[in-house]
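Q: Structure: entry.pdb, PDB, C-alpha atoms, pLDDT in the B column.
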```
MODEL        1
ATOM      1  CA  MET C   1       0.000   0.000   0.000  1.00 88.00           C
ATOM      2  CA  ILE C   2       0.961   3.650  -0.359  1.00 93.00           C
ATOM      3  CA  GLU C   3       1.196   5.430   2.977  1.00 95.00           C
ATOM      4  CA  ALA C   4       0.320   9.073   3.515  1.00 96.00           C
ATOM      5  CA  LYS C   5       3.246  11.422   4.120  1.00 95.00           C
ATOM      6  CA  LYS C   6       1.928  14.867   4.895  1.00 96.00           C
ATOM      7  CA  ASP C   7       4.028  17.810   3.754  1.00 96.00           C
ATOM      8  CA  VAL C   8       3.174  21.124   5.435  1.00 95.00           C
ATOM      9  CA  ILE C   9       4.852  23.312   2.795  1.00 96.00           C
ATOM     10  CA  PHE C  10       3.201  21.481  -0.108  1.00 96.00           C
ATOM     11  CA  ASP C  11      -0.135  21.659   1.702  1.00 95.00           C
ATOM     12  CA  LYS C  12       0.081  25.456   1.981  1.00 94.00           C
ATOM     13  CA  LEU C  13       0.959  25.835  -1.691  1.00 95.00           C
ATOM     14  CA  PHE C  14      -1.733  23.413  -2.832  1.00 95.00           C
ATOM     15  CA  SER C  15      -4.397  25.131  -0.724  1.00 94.00           C
ATOM     16  CA  ILE C  16      -3.890  28.349  -2.711  1.00 94.00           C
ATOM     17  CA  PHE C  17      -4.347  26.544  -6.042  1.00 94.00           C
ATOM     18  CA  HIS C  18      -7.212  24.485  -4.653  1.00 95.00           C
ATOM     19  CA  LYS C  19      -9.243  27.450  -3.420  1.00 93.00           C
ATOM     20  CA  ARG C  20      -8.895  29.111  -6.816  1.00 94.00           C
ATOM     21  CA  LEU C  21      -9.915  25.892  -8.598  1.00 96.00           C
ATOM     22  CA  LEU C  22     -13.100  25.512  -6.551  1.00 96.00           C
ATOM     23  CA  SER C  23     -14.069  29.146  -7.107  1.00 95.00           C
ATOM     24  CA  LEU C  24     -13.694  28.706 -10.862  1.00 96.00           C
ATOM     25  CA  SER C  25     -15.580  25.400 -10.915  1.00 97.00           C
ATOM     26  CA  PHE C  26     -18.485  25.825  -8.474  1.00 97.00           C
ATOM     27  CA  ASN C  27     -21.033  28.512  -7.760  1.00 96.00           C
ATOM     28  CA  LYS C  28     -21.570  27.496  -4.117  1.00 97.00           C
ATOM     29  CA  VAL C  29     -20.364  24.874  -1.658  1.00 97.00           C
ATOM     30  CA  TYR C  30     -23.160  24.545   0.892  1.00 98.00           C
ATOM     31  CA  TRP C  31     -22.419  23.060   4.314  1.00 97.00           C
ATOM     32  CA  GLN C  32     -24.808  21.944   7.026  1.00 94.00           C
ATOM     33  CA  ASN C  33     -23.847  20.205  10.239  1.00 84.00           C
ATOM     34  CA  THR C  34     -26.930  18.568  11.756  1.00 77.00           C
ATOM     35  CA  GLY C  35     -24.941  16.757  14.431  1.00 71.00           C
ATOM     36  CA  VAL C  36     -22.436  17.658  17.114  1.00 69.00           C
ATOM     37  CA  GLN C  37     -18.908  17.114  15.834  1.00 72.00           C
ATOM     38  CA  PRO C  38     -16.817  15.202  18.386  1.00 70.00           C
ATOM     39  CA  ALA C  39     -13.258  15.937  19.301  1.00 71.00           C
ATOM     40  CA  SER C  40     -10.780  14.032  17.146  1.00 78.00           C
ATOM     41  CA  PRO C  41     -10.476  11.186  16.336  1.00 93.00           C
ATOM     42  CA  ALA C  42     -13.469  10.070  14.275  1.00 95.00           C
ATOM     43  CA  ILE C  43     -14.219   7.899  11.256  1.00 96.00           C
ATOM     44  CA  PHE C  44     -15.932   9.976   8.576  1.00 97.00           C
ATOM     45  CA  VAL C  45     -17.977   7.925   6.071  1.00 97.00           C
ATOM     46  CA  CYS C  46     -19.323   9.470   2.868  1.00 98.00           C
ATOM     47  CA  ASN C  47     -20.987   8.522  -0.412  1.00 98.00           C
ATOM     48  CA  HIS C  48     -18.738   8.597  -3.475  1.00 97.00           C
ATOM     49  CA  SER C  49     -20.094   9.789  -6.825  1.00 96.00           C
ATOM     50  CA  SER C  50     -17.540  12.168  -8.309  1.00 95.00           C
ATOM     51  CA  TRP C  51     -13.864  12.801  -9.018  1.00 91.00           C
ATOM     52  CA  TRP C  52     -14.398  16.040  -7.085  1.00 96.00           C
ATOM     53  CA  ASP C  53     -15.137  14.240  -3.801  1.00 96.00           C
ATOM     54  CA  GLY C  54     -11.505  14.185  -2.679  1.00 93.00           C
ATOM     55  CA  LEU C  55     -11.095  17.890  -3.405  1.00 95.00           C
ATOM     56  CA  ILE C  56     -14.324  18.747  -1.595  1.00 97.00           C
ATOM     57  CA  TYR C  57     -13.079  16.704   1.372  1.00 95.00           C
ATOM     58  CA  TYR C  58      -9.848  18.734   1.301  1.00 95.00           C
ATOM     59  CA  HIS C  59     -11.839  21.977   1.306  1.00 96.00           C
ATOM     60  CA  LEU C  60     -13.690  20.830   4.421  1.00 96.00           C
ATOM     61  CA  THR C  61     -10.384  20.270   6.209  1.00 94.00           C
ATOM     62  CA  LYS C  62      -9.493  23.898   5.478  1.00 94.00           C
ATOM     63  CA  THR C  63     -12.827  25.345   6.552  1.00 95.00           C
ATOM     64  CA  VAL C  64     -15.108  23.479   8.947  1.00 93.00           C
ATOM     65  CA  ILE C  65     -13.401  20.245  10.026  1.00 91.00           C
ATOM     66  CA  GLN C  66     -10.474  21.283  12.169  1.00 84.00           C
ATOM     67  CA  GLN C  67      -8.895  17.888  12.738  1.00 89.00           C
ATOM     68  CA  ASP C  68      -5.766  16.023  11.706  1.00 93.00           C
ATOM     69  CA  LEU C  69      -7.609  14.176   8.981  1.00 95.00           C
ATOM     70  CA  TYR C  70      -6.430  11.482   6.549  1.00 97.00           C
ATOM     71  CA  ILE C  71      -8.332  10.027   3.586  1.00 97.00           C
ATOM     72  CA  MET C  72      -8.458   6.504   2.189  1.00 95.00           C
ATOM     73  CA  MET C  73      -8.061   6.670  -1.597  1.00 94.00           C
ATOM     74  CA  HIS C  74      -8.245   4.040  -4.341  1.00 91.00           C
ATOM     75  CA  GLU C  75      -4.723   2.852  -5.145  1.00 91.00           C
ATOM     76  CA  GLN C  76      -5.118   3.495  -8.872  1.00 89.00           C
ATOM     77  CA  GLY C  77      -6.156   7.088  -8.204  1.00 89.00           C
ATOM     78  CA  LEU C  78      -3.285   7.698  -5.802  1.00 92.00           C
ATOM     79  CA  LYS C  79      -0.797   6.344  -8.324  1.00 92.00           C
ATOM     80  CA  GLN C  80      -2.270   8.685 -10.933  1.00 91.00           C
ATOM     81  CA  PHE C  81      -2.140  11.674  -8.563  1.00 91.00           C
ATOM     82  CA  PRO C  82       0.704  10.794  -6.153  1.00 92.00           C
ATOM     83  CA  TYR C  83       0.868  14.292  -4.672  1.00 92.00           C
ATOM     84  CA  PHE C  84      -2.321  13.508  -2.721  1.00 94.00           C
ATOM     85  CA  LYS C  85      -0.250  11.453  -0.268  1.00 95.00           C
ATOM     86  CA  LYS C  86       1.373  14.755   0.764  1.00 96.00           C
ATOM     87  CA  LEU C  87      -2.129  15.929   1.682  1.00 95.00           C
ATOM     88  CA  GLY C  88      -2.964  12.899   3.810  1.00 95.00           C
ATOM     89  CA  ALA C  89      -4.154  10.282   1.302  1.00 96.00           C
ATOM     90  CA  PHE C  90      -3.264   6.605   1.696  1.00 96.00           C
ATOM     91  CA  SER C  91      -4.176   3.794  -0.672  1.00 94.00           C
ATOM     92  CA  ILE C  92      -6.661   0.937  -0.599  1.00 91.00           C
ATOM     93  CA  SER C  93      -6.762  -1.942  -3.076  1.00 87.00           C
ATOM     94  CA  SER C  94      -9.856  -4.041  -2.445  1.00 79.00           C
ATOM     95  CA  SER C  95      -8.846  -6.573  -5.103  1.00 78.00           C
ATOM     96  CA  ARG C  96      -5.764  -7.563  -3.082  1.00 82.00           C
ATOM     97  CA  PRO C  97      -6.725  -8.843   0.392  1.00 81.00           C
ATOM     98  CA  LYS C  98      -3.219  -8.616   1.860  1.00 86.00           C
ATOM     99  CA  GLU C  99      -2.910  -4.985   0.782  1.00 86.00           C
ATOM    100  CA  THR C 100      -6.368  -4.265   2.183  1.00 89.00           C
ATOM    101  CA  ILE C 101      -5.286  -5.616   5.570  1.00 91.00           C
ATOM    102  CA  LYS C 102      -2.225  -3.331   5.483  1.00 93.00           C
ATOM    103  CA  THR C 103      -4.483  -0.380   4.703  1.00 94.00           C
ATOM    104  CA  MET C 104      -6.839  -1.116   7.575  1.00 94.00           C
ATOM    105  CA  LYS C 105      -3.910  -1.542   9.973  1.00 95.00           C
ATOM    106  CA  PHE C 106      -2.521   1.810   8.841  1.00 96.00           C
ATOM    107  CA  ALA C 107      -5.920   3.469   9.379  1.00 96.00           C
ATOM    108  CA  GLU C 108      -6.165   1.850  12.802  1.00 96.00           C
ATOM    109  CA  LYS C 109      -2.742   3.235  13.724  1.00 96.00           C
ATOM    110  CA  LEU C 110      -3.768   6.733  12.642  1.00 97.00           C
ATOM    111  CA  LEU C 111      -6.875   6.600  14.815  1.00 96.00           C
ATOM    112  CA  LYS C 112      -4.939   5.297  17.807  1.00 96.00           C
ATOM    113  CA  ASN C 113      -2.527   8.215  17.392  1.00 95.00           C
ATOM    114  CA  GLY C 114      -5.387  10.721  17.589  1.00 95.00           C
ATOM    115  CA  SER C 115      -5.931  11.424  13.885  1.00 96.00           C
ATOM    116  CA  SER C 116      -9.233  11.043  12.055  1.00 96.00           C
ATOM    117  CA  VAL C 117      -9.873   8.990   8.922  1.00 97.00           C
ATOM    118  CA  TRP C 118     -12.192   9.685   5.969  1.00 97.00           C
ATOM    119  CA  ILE C 119     -13.560   6.655   4.104  1.00 97.00           C
ATOM    120  CA  PHE C 120     -15.751   6.172   1.030  1.00 97.00           C
ATOM    121  CA  PRO C 121     -17.334   2.807   1.975  1.00 96.00           C
ATOM    122  CA  GLN C 122     -18.726   2.222  -1.524  1.00 95.00           C
ATOM    123  CA  GLY C 123     -15.130   1.555  -2.563  1.00 90.00           C
ATOM    124  CA  ASP C 124     -15.461   3.258  -5.946  1.00 91.00           C
ATOM    125  CA  GLU C 125     -17.367   6.031  -7.703  1.00 94.00           C
ATOM    126  CA  PHE C 126     -21.017   5.321  -8.483  1.00 96.00           C
ATOM    127  CA  HIS C 127     -23.783   7.490  -9.876  1.00 97.00           C
ATOM    128  CA  LEU C 128     -25.205   9.867  -7.301  1.00 97.00           C
ATOM    129  CA  GLU C 129     -28.686   8.350  -7.579  1.00 97.00           C
ATOM    130  CA  LYS C 130     -27.620   4.705  -7.459  1.00 96.00           C
ATOM    131  CA  ARG C 131     -29.279   2.739  -4.663  1.00 96.00           C
ATOM    132  CA  PRO C 132     -28.472   0.754  -2.648  1.00 97.00           C
ATOM    133  CA  LEU C 133     -25.109   2.294  -1.835  1.00 97.00           C
ATOM    134  CA  HIS C 134     -23.536  -1.147  -1.253  1.00 95.00           C
ATOM    135  CA  PHE C 135     -21.121  -0.298   1.566  1.00 96.00           C
ATOM    136  CA  GLN C 136     -18.106  -2.488   2.141  1.00 93.00           C
ATOM    137  CA  GLN C 137     -17.263  -3.631   5.651  1.00 91.00           C
ATOM    138  CA  GLY C 138     -13.984  -1.783   6.260  1.00 91.00           C
ATOM    139  CA  PRO C 139     -15.444   0.946   8.515  1.00 93.00           C
ATOM    140  CA  LEU C 140     -16.951  -1.664  10.819  1.00 94.00           C
ATOM    141  CA  TYR C 141     -13.593  -3.407  11.093  1.00 93.00           C
ATOM    142  CA  LEU C 142     -12.120  -0.172  12.439  1.00 94.00           C
ATOM    143  CA  GLN C 143     -14.875   0.450  14.956  1.00 92.00           C
ATOM    144  CA  GLU C 144     -14.686  -3.142  16.152  1.00 92.00           C
ATOM    145  CA  LYS C 145     -11.028  -2.505  16.939  1.00 93.00           C
ATOM    146  CA  LEU C 146     -11.716   0.964  18.397  1.00 94.00           C
ATOM    147  CA  PRO C 147     -15.346   0.996  19.607  1.00 92.00           C
ATOM    148  CA  GLU C 148     -14.901   4.304  21.426  1.00 93.00           C
ATOM    149  CA  ILE C 149     -14.288   6.162  18.149  1.00 94.00           C
ATOM    150  CA  PRO C 150     -17.508   7.285  16.421  1.00 95.00           C
ATOM    151  CA  PHE C 151     -18.598   7.274  12.817  1.00 95.00           C
ATOM    152  CA  ILE C 152     -19.553  10.659  11.363  1.00 95.00           C
ATOM    153  CA  PRO C 153     -21.889  10.189   8.365  1.00 96.00           C
ATOM    154  CA  VAL C 154     -21.428  12.740   5.590  1.00 97.00           C
ATOM    155  CA  ALA C 155     -23.426  13.227   2.380  1.00 98.00           C
ATOM    156  CA  PHE C 156     -22.257  14.984  -0.804  1.00 98.00           C
ATOM    157  CA  TYR C 157     -24.795  16.075  -3.431  1.00 98.00           C
ATOM    158  CA  TYR C 158     -23.912  17.827  -6.718  1.00 98.00           C
ATOM    159  CA  SER C 159     -26.530  19.884  -8.523  1.00 97.00           C
ATOM    160  CA  PHE C 160     -27.082  22.535 -11.170  1.00 95.00           C
ATOM    161  CA  SER C 161     -29.396  25.352 -10.152  1.00 91.00           C
ATOM    162  CA  HIS C 162     -29.848  28.760 -11.771  1.00 91.00           C
ATOM    163  CA  LYS C 163     -26.237  29.554 -12.544  1.00 92.00           C
ATOM    164  CA  ARG C 164     -23.713  28.375 -15.121  1.00 94.00           C
ATOM    165  CA  LYS C 165     -21.613  26.605 -12.508  1.00 96.00           C
ATOM    166  CA  PRO C 166     -22.876  23.733 -10.327  1.00 97.00           C
ATOM    167  CA  GLU C 167     -23.309  23.620  -6.571  1.00 97.00           C
ATOM    168  CA  VAL C 168     -22.140  21.136  -3.962  1.00 98.00           C
ATOM    169  CA  TRP C 169     -24.357  20.464  -0.966  1.00 98.00           C
ATOM    170  CA  ILE C 170     -22.895  18.767   2.113  1.00 97.00           C
ATOM    171  CA  ASN C 171     -24.480  17.515   5.311  1.00 96.00           C
ATOM    172  CA  ALA C 172     -22.707  15.956   8.293  1.00 95.00           C
ATOM    173  CA  GLY C 173     -24.784  13.931  10.740  1.00 94.00           C
ATOM    174  CA  SER C 174     -24.517  12.978  14.396  1.00 92.00           C
ATOM    175  CA  PRO C 175     -21.846  10.609  15.759  1.00 93.00           C
ATOM    176  CA  LEU C 176     -22.731   6.919  15.460  1.00 93.00           C
ATOM    177  CA  TYR C 177     -21.552   3.864  17.387  1.00 92.00           C
ATOM    178  CA  SER C 178     -22.057   0.345  16.039  1.00 89.00           C
ATOM    179  CA  THR C 179     -22.572  -0.966  19.572  1.00 87.00           C
ATOM    180  CA  GLU C 180     -25.963   0.785  19.516  1.00 87.00           C
ATOM    181  CA  TRP C 181     -27.160  -1.130  16.440  1.00 85.00           C
ATOM    182  CA  PRO C 182     -28.945  -4.488  16.525  1.00 79.00           C
ATOM    183  CA  GLY C 183     -27.269  -7.653  15.362  1.00 75.00           C
ATOM    184  CA  SER C 184     -23.741  -8.862  15.833  1.00 74.00           C
ATOM    185  CA  PRO C 185     -22.235  -9.849  12.475  1.00 84.00           C
ATOM    186  CA  ARG C 186     -20.211  -7.147  10.752  1.00 88.00           C
ATOM    187  CA  ARG C 187     -22.445  -7.532   7.707  1.00 89.00           C
ATOM    188  CA  GLU C 188     -25.589  -6.577   9.666  1.00 91.00           C
ATOM    189  CA  LYS C 189     -23.977  -3.534  11.269  1.00 93.00           C
ATOM    190  CA  THR C 190     -22.605  -2.434   7.888  1.00 94.00           C
ATOM    191  CA  ALA C 191     -26.184  -2.551   6.602  1.00 94.00           C
ATOM    192  CA  SER C 192     -27.256  -0.292   9.491  1.00 94.00           C
ATOM    193  CA  LEU C 193     -24.485   2.185   8.668  1.00 95.00           C
ATOM    194  CA  GLU C 194     -25.456   2.121   4.989  1.00 96.00           C
ATOM    195  CA  LYS C 195     -29.118   2.761   5.830  1.00 96.00           C
ATOM    196  CA  THR C 196     -28.220   5.762   8.004  1.00 96.00           C
ATOM    197  CA  CYS C 197     -26.010   7.249   5.287  1.00 97.00           C
ATOM    198  CA  THR C 198     -28.655   6.605   2.624  1.00 98.00           C
ATOM    199  CA  ASN C 199     -31.270   8.421   4.716  1.00 97.00           C
ATOM    200  CA  LEU C 200     -28.885  11.340   5.193  1.00 97.00           C
ATOM    201  CA  LEU C 201     -28.183  11.515   1.450  1.00 98.00           C
ATOM    202  CA  ASP C 202     -31.856  11.309   0.506  1.00 98.00           C
ATOM    203  CA  SER C 203     -32.732  13.983   3.069  1.00 97.00           C
ATOM    204  CA  LEU C 204     -30.035  16.222   1.590  1.00 97.00           C
ATOM    205  CA  LYS C 205     -31.418  15.580  -1.893  1.00 97.00           C
ATOM    206  CA  SER C 206     -34.790  16.852  -0.706  1.00 97.00           C
ATOM    207  CA  GLU C 207     -33.180  20.045   0.594  1.00 96.00           C
ATOM    208  CA  VAL C 208     -31.461  20.539  -2.776  1.00 97.00           C
ATOM    209  CA  ILE C 209     -34.648  20.017  -4.788  1.00 96.00           C
ATOM    210  CA  ASN C 210     -36.513  22.483  -2.583  1.00 96.00           C
ATOM    211  CA  GLU C 211     -33.594  24.945  -2.714  1.00 95.00           C
ATOM    212  CA  ASN C 212     -33.696  25.142   1.063  1.00 94.00           C
ATOM    213  CA  THR C 213     -30.468  27.026   1.760  1.00 95.00           C
ATOM    214  CA  MET C 214     -31.642  28.598   5.022  1.00 93.00           C
ATOM    215  CA  ASN C 215     -29.784  26.190   7.294  1.00 91.00           C
ATOM    216  CA  PHE C 216     -26.651  25.992   5.158  1.00 96.00           C
ATOM    217  CA  ILE C 217     -23.558  28.168   4.981  1.00 96.00           C
ATOM    218  CA  ASN C 218     -21.543  28.799   1.834  1.00 96.00           C
ATOM    219  CA  LEU C 219     -17.894  27.732   2.145  1.00 96.00           C
ATOM    220  CA  LEU C 220     -16.674  29.579  -0.940  1.00 93.00           C
TER     221      LEU C 220
ENDMDL
END
```
Can the structure in the file be given as structure tokens, please?

A:
Amino acid sequence: MIEAKKDVIFDKLFSIFHKRLLSLSFNKVYWQNTGVQPASPAIFVCNHSSWWDGLIYYHLTKTVIQQDLYIMMHEQGLKQFPYFKKLGAFSISSSRPKETIKTMKFAEKLLKNGSSVWIFPQGDEFHLEKRPLHFQQGPLYLQEKLPEIPFIPVAFYYSFSHKRKPEVWINAGSPLYSTEWPGSPRREKTASLEKTCTNLLDSLKSEVINENTMNFINLL
């Protein structure tokens, strides 16, 4: 696997380019936090529908999520854009079980050291409207090892409104603990996590359709 190796100087330089890129590409980046964000560490879980997801995640780390945050990224993508490891990305290769185990151990180490981890449990990009989300079981592995660390569900929704450029809508939910869900197998608890994230995403979709920006702030 490819480990993350954060570089403070590169991060500062990239943040300048990144902010400019988002401003040129999006009309608004709407943020709503319907839960109470815990102190670090946490396991953030989010739907994955666009190449932009990683860059939107990065924007959140510079605006509203003030944590030492790392992101799990598909190995092919990280090889294509290796500079992301300087921003906290580390690789996952679900087709190679031994490499997957290394990835999960690395994520576990990060959490034990007080950092937070961002995961796209779908494992790959899928259309925004595809249901079910089909979560993989990696997040539950981590919370089984570290049951005191919560999940934070996050939903991303991309939409065109009345402007030339699109909008991104984001909602972060309340902390979740798998010990509160029924059932014992990892598969059953993964289904509970997927259902919660699906409900959050569908609720956000409703806000987008109704253009309900009242409870959102613009991060651009």

Q: Using all atoms listed in the file, determine which residues lie at most 10 Å from His127 in chain C, disregarding the query and same-chain residues fewer than 6 positions distant; provide the list as number ranges by chain.

A: C: 47-50, 133

Q: Please identify all polymer residues within 12 Å of Leu78 in chain C, counting only C-alpha atoms, omitting same-chain residues fewer than 2 positions from it, and present them as an mmCIF file with C-alpha atoms, in the coordinates of the input.

A:
```cif
data_model
loop_
_atom_site.group_PDB
_atom_site.id
_atom_site.type_symbol
_atom_site.label_atom_id
_atom_site.label_comp_id
_atom_site.auth_asym_id
_atom_site.auth_seq_id
_atom_site.Cartn_x
_atom_site.Cartn_y
_atom_site.Cartn_z
ATOM 1 C CA MET C 1 0.000 0.000 0.000
ATOM 2 C CA ILE C 2 0.961 3.650 -0.359
ATOM 3 C CA GLU C 3 1.196 5.430 2.977
ATOM 4 C CA ALA C 4 0.320 9.073 3.515
ATOM 5 C CA GLY C 54 -11.505 14.185 -2.679
ATOM 6 C CA ILE C 71 -8.332 10.027 3.586
ATOM 7 C CA MET C 72 -8.458 6.504 2.189
ATOM 8 C CA MET C 73 -8.061 6.670 -1.597
ATOM 9 C CA HIS C 74 -8.245 4.040 -4.341
ATOM 10 C CA GLU C 75 -4.723 2.852 -5.145
ATOM 11 C CA GLN C 76 -5.118 3.495 -8.872
ATOM 12 C CA GLN C 80 -2.270 8.685 -10.933
ATOM 13 C CA PHE C 81 -2.140 11.674 -8.563
ATOM 14 C CA PRO C 82 0.704 10.794 -6.153
ATOM 15 C CA TYR C 83 0.868 14.292 -4.672
ATOM 16 C CA PHE C 84 -2.321 13.508 -2.721
ATOM 17 C CA LYS C 85 -0.250 11.453 -0.268
ATOM 18 C CA LYS C 86 1.373 14.755 0.764
ATOM 19 C CA LEU C 87 -2.129 15.929 1.682
ATOM 20 C CA GLY C 88 -2.964 12.899 3.810
ATOM 21 C CA ALA C 89 -4.154 10.282 1.302
ATOM 22 C CA PHE C 90 -3.264 6.605 1.696
ATOM 23 C CA SER C 91 -4.176 3.794 -0.672
ATOM 24 C CA ILE C 92 -6.661 0.937 -0.599
ATOM 25 C CA SER C 93 -6.762 -1.942 -3.076
#
```

Q: Taking 6 positions as the minimum chain separation for residues in the same chain, which residues sit within 8 Å of range 43-45 of chain C when counting all atoms listed in the file? Answer as a list in words.

A: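 What passes the distance filter is Ser116, Val117, Trp118, Ile119, Phe120, Pro121, Pro139, Ile149, Pro150, Phe151, Ile152, Pro153 and Val154 of chain C.
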
Q: Take the selection from the previous step and output its residues with C-alpha atoms, as an mmCIF file, in the frame of the given file.

A:
```cif
data_model
loop_
_atom_site.group_PDB
_atom_site.id
_atom_site.type_symbol
_atom_site.label_atom_id
_atom_site.label_comp_id
_atom_site.auth_asym_id
_atom_site.auth_seq_id
_atom_site.Cartn_x
_atom_site.Cartn_y
_atom_site.Cartn_z
ATOM 1 C CA SER C 116 -9.233 11.043 12.055
ATOM 2 C CA VAL C 117 -9.873 8.990 8.922
ATOM 3 C CA TRP C 118 -12.192 9.685 5.969
ATOM 4 C CA ILE C 119 -13.560 6.655 4.104
ATOM 5 C CA PHE C 120 -15.751 6.172 1.030
ATOM 6 C CA PRO C 121 -17.334 2.807 1.975
ATOM 7 C CA PRO C 139 -15.444 0.946 8.515
ATOM 8 C CA ILE C 149 -14.288 6.162 18.149
ATOM 9 C CA PRO C 150 -17.508 7.285 16.421
ATOM 10 C CA PHE C 151 -18.598 7.274 12.817
ATOM 11 C CA ILE C 152 -19.553 10.659 11.363
ATOM 12 C CA PRO C 153 -21.889 10.189 8.365
ATOM 13 C CA VAL C 154 -21.428 12.740 5.590
#
```

Q: So, counting all atoms listed in the file, which residue among C:Val29, C:Arg96, C:Ile65, C:Glu144 is closest to Ser184 in chain C?

A: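 Among the listed residues, C:Glu144 lies closest to Ser184 in chain C.
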
Q: Return the single residue from C:Val168, C:Leu110, C:Ile56, C:Ile101 that is closest to Lys5 in chain C, with distances computed using only C-alpha atoms.

A: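 Looking only at the distances to Lys5 in chain C, the closest residue turns out to be C:Leu110.
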
Q: Which of these, C:Thr63, C:Ser174, C:Lys205, C:Phe17, has the shortest distance to Ser159 in chain C once you count only C-alpha atoms?

A: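 The answer is C:Lys205, which sits nearest to Ser159 in chain C.
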
Q: Could you name the residues that touch His59 in chain C at 9 Å or less, counting all atoms listed in the file, but leaving out those on the same chain fewer than 6 positions away, as a list in words?

A: Ser15, His18, Lys19, Leu22 and Leu219 of chain C

Q: Using all atoms listed in the file, which residues sit within 7 Å of range 186-196 of chain C once same-chain residues fewer than 4 positions away are excluded, as a PDB file with C-alpha atoms, in the frame of the given file?

A:
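Here's the written file selection_27.pdb:
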```
ATOM      1  CA  LEU C 133     -25.109   2.294  -1.835  1.00 97.00           C
ATOM      2  CA  PHE C 135     -21.121  -0.298   1.566  1.00 96.00           C
ATOM      3  CA  GLN C 137     -17.263  -3.631   5.651  1.00 91.00           C
ATOM      4  CA  LEU C 140     -16.951  -1.664  10.819  1.00 94.00           C
ATOM      5  CA  SER C 178     -22.057   0.345  16.039  1.00 89.00           C
ATOM      6  CA  TRP C 181     -27.160  -1.130  16.440  1.00 85.00           C
ATOM      7  CA  LEU C 200     -28.885  11.340   5.193  1.00 97.00           C
TER       8      LEU C 200
END
```

Q: Work out how far CA of Phe156 in chain C is from CA of Glu129 in chain C, in Å to one decimal.

A: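 Value for the CA of Glu129 in chain C-CA of Phe156 in chain C distance: 11.5 Å.
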
Q: Between C:Leu55, C:Lys145, C:Tyr158, C:Thr61, single out the one closest to Leu21 in chain C, counting only C-alpha atoms.

A: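 So, comparing all the options, the nearest one is C:Leu55.
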
Q: Which protein, DNA or RNA residues have an atom at most 12 Å from (-33.8, 16.9, 2.6), counting all atoms listed in the file? List them as a VMD selection string.

A: chain C and resid 32 34 155 157 169 to 171 198 to 213 215 to 216

Q: Measuring between only C-alpha atoms, which one of C:Leu111, C:Leu142, C:Thr179, C:Pro166 shows the shortest distance to Ser40 in chain C?

A: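 Nearest candidate to Ser40 in chain C out of C:Leu111, C:Leu142, C:Thr179, C:Pro166: C:Leu111.
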
Q: For CA of Ser25 in chain C and CA of Leu13 in chain C, quote the distance in Å rounded to one decimal.

A: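 About the pair CA of Ser25 in chain C and CA of Leu13 in chain C: they are 18.9 Å apart.
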
Q: Calculated over only C-alpha atoms, which of the candidates C:Gly77, C:Pro132, C:Gly123, C:Gly138 has the smallest distance to Ala107 in chain C?

A: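 Among the listed residues, C:Gly138 lies closest to Ala107 in chain C.
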